[in-house]
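Chemist: Before I ask anything, here is the structure I am working with.
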Amino acid sequence: MVLTWKDHREKLDRRLTKHGLAREVAIKSGTNIEKSNKFISAFQSSIRSEMTRGGKVTLVGFGTFGVKERQARKGVNPKTLKAITIPKKKAMFFKPGKALKDAIAKK
């Protein structure tokens, strides 16, 4: 199947931005966009601050945000083919909850 440019563009446009999310929250909660935008910013800030402390944020039915520490490992520089050591680092993760997985699987 070959996608036309129009089909490709429509597929790319199926994303929800922060402003779009604020609009959806405002409609569903019966408030205005400014208040819902402040709520989303506070929500993001709360998750960010907990994750920077190394904690997890669990939203039952939605999923879990957290941080994992990746150990140092050996790798190869693809340009020079020399062995290098990749330093340890912290990486964030999101594990979807059962309700979210089931909702996605139904579509």
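Note on naming: chains are A, B, ... as they come in the structure tokens, residues start from 1 per chain, ligands start from 1 in the order shown.
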May I have the residues within 12 Å of A:Arg53 as a list in words, using only C-alpha atoms and disregarding those fewer than 2 positions away in the same chain?
Modeler: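 Once the adjacent positions are removed, what remains is Ser46, Ile47, Arg48, Ser49, Glu50, Met51, Gly55, Lys56, Val57, Gly66, Val67, Lys68, Lys90 and Met92 of chain A.
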Chemist: Name the residues of chain A that come out as strand (DSSP E or B) in a backbone DSSP run; write them as a PyMOL selection string.
Modeler: chain A and resi 57-59+63-70+73-76+83-86+89-96
Chemist: In Å, rounded to a single decimal, give me how far atom CA of A:Gln44 is from atom CA of A:Gly63.
Modeler: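 Interatomic distance, atom CA of A:Gly63 to atom CA of A:Gln44: 14.7 Å.
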Chemist: Could you check how far atom CA of A:Ser36 sits from atom CA of A:Arg23, in Å to one decimal?
Modeler: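 One can read the atom CA of A:Ser36 to atom CA of A:Arg23 distance as 7.5 Å.
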Chemist: Run DSSP on the backbone and grab whatever in chain A lands in alpha helix (DSSP H); send it over as a ChimeraX atom specification.
Modeler: /A:5-12,18-29,33-52,98-106
